[in-house]
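S.K.: What follows is a structure written as structure tokens; I'll ask about it next.
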Amino acid sequence: MYAEADYLPLSALQHWVFCPRQCGLIHLEQVWNENRLTAEGRIIHQRVHEMSDERRSDIYIVRGLRIYSCRLGLIGQADVVEFHRAPTGISLSDAEGMWQPYPVEYKRGSPKMDACDEVQLCAQAICLEEMLGIAVPLGAFFYGRPRRRKEVVLTDELRRKTEESAHQLHEMFQRGRTPGASYEKKCRACSLYNQCLPKTTGKKKNIEHYLQMAYELPREEMIP
Ligand code: SF4
């Protein structure tokens, strides 16, 4: 359990799972590089949050709901939480019956191959479970390209990964140090590539390697 003063932004968890260094650069060093993709993503979230809540038949749609979890030590805003009429659930003040919460996260592009989006959605579900006192077994993404919804089962494994990642995120904040770079395929899609320079600053880079690359000397000619 984390004290309220130690809560971290939910968005940091997604950055952490994508790349710990990117998370440190953004949240510890306040490095940010707006490009077309990040701007599009920001605008989508803004638009969703600005739309008003609505009711469609057996679904209540709440937008921009503030959420938090002391177990994860996270606080943020859910794009959309739908409340589906169900045999069991919670009661809502202005509607009869029982309602099951169902978080929906909006994404600009197509589904990603890594787990960062799913961890973010799972963290939202854990927040709702803690705040509303009810199990939230399912959630969904709404992807912009192609425009479609993808349901996600919030498995025990995903919940474990989410808790572990939140714990590691808090440890990084306590250390106050941005992790080193490790060049991987995902770096090519990273908005902070030019600030990070992963090929130059990566873990395996030392001065000998740098000189070898710079002057293209064979290893035996390197200065001992
Ligand atoms: S360029 Fe690669 S190592 Fe650097 S922050 Fe981005 S993903 Fe992480």
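Residues in the structure tokens are numbered from 1 in each chain, the chains being A, B, ... in the order shown, and ligands are numbered from 1 in the order shown.
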Could you tell me, counting only C-alpha atoms and all ligand atoms, which protein and nucleic acid residues lie no more than 7 Å from ligand 1, written as a list in words?
M.R.: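 The neighbouring residues of ligand 1 are, in order, Cys19, Pro20, Arg21, Gln22, Ala181, Ser182, Tyr183, Glu184, Lys186, Cys187, Arg188, Cys190, Ser191, Leu192, Tyr193, Cys196, Leu197 and Pro198 of chain A.
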S.K.: I'd like the contact shell of Arg71 (chain A) - 9 Å cut-off, only C-alpha atoms, skipping same-chain residues fewer than 6 positions apart - returned as a PyMOL selection string.
M.R.: chain A and resi 1-2+126-127+130+163
S.K.: Next, write the just-selected residues to a file, as a short mmCIF file (atom, residue, chain, number, x, y, z; two decimals), in the first residue's frame, keeping N, CA, C and O atoms as the atom set.
M.R.:
```cif
data_model
loop_
_atom_site.label_atom_id
_atom_site.label_comp_id
_atom_site.auth_asym_id
_atom_site.auth_seq_id
_atom_site.Cartn_x
_atom_site.Cartn_y
_atom_site.Cartn_z
N MET A 1 0.84 -1.20 0.00
CA MET A 1 0.00 0.00 0.00
C MET A 1 0.88 1.26 0.00
O MET A 1 1.84 1.32 0.74
N TYR A 2 0.53 2.18 -0.83
CA TYR A 2 1.31 3.42 -0.93
C TYR A 2 0.53 4.58 -0.31
O TYR A 2 -0.71 4.61 -0.39
N ILE A 126 -7.80 -2.36 -11.91
CA ILE A 126 -7.48 -2.54 -10.48
C ILE A 126 -7.91 -1.30 -9.69
O ILE A 126 -8.43 -1.40 -8.58
N CYS A 127 -7.71 -0.11 -10.29
CA CYS A 127 -8.18 1.13 -9.65
C CYS A 127 -9.69 1.06 -9.42
O CYS A 127 -10.19 1.36 -8.32
N GLU A 130 -10.71 -1.31 -6.68
CA GLU A 130 -10.44 -0.77 -5.34
C GLU A 130 -11.45 0.32 -4.98
O GLU A 130 -11.96 0.38 -3.86
N GLU A 163 1.19 -5.41 -11.27
CA GLU A 163 1.65 -5.09 -9.90
C GLU A 163 3.17 -5.00 -9.85
O GLU A 163 3.72 -4.09 -9.23
#
```
S.K.: Which one of A:Gly133, A:Thr162, A:Ile44, A:Met172 sits closest to Ile90 (chain A) if you count only C-alpha atoms?
M.R.: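 Among A:Gly133, A:Thr162, A:Ile44, A:Met172, it is A:Gly133 that comes nearest to Ile90 (chain A).
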S.K.: Looking only at alpha helix (DSSP H) from DSSP on the backbone, list the matching residues of region 23-151 of chain A as a PyMOL selection string.
M.R.: chain A and resi 23-27+36-50+116-132
S.K.: Quote the spacing between CA of Ser165 (chain A) and CA of Leu72 (chain A) in Å to one decimal place.
M.R.: 9.2 Å
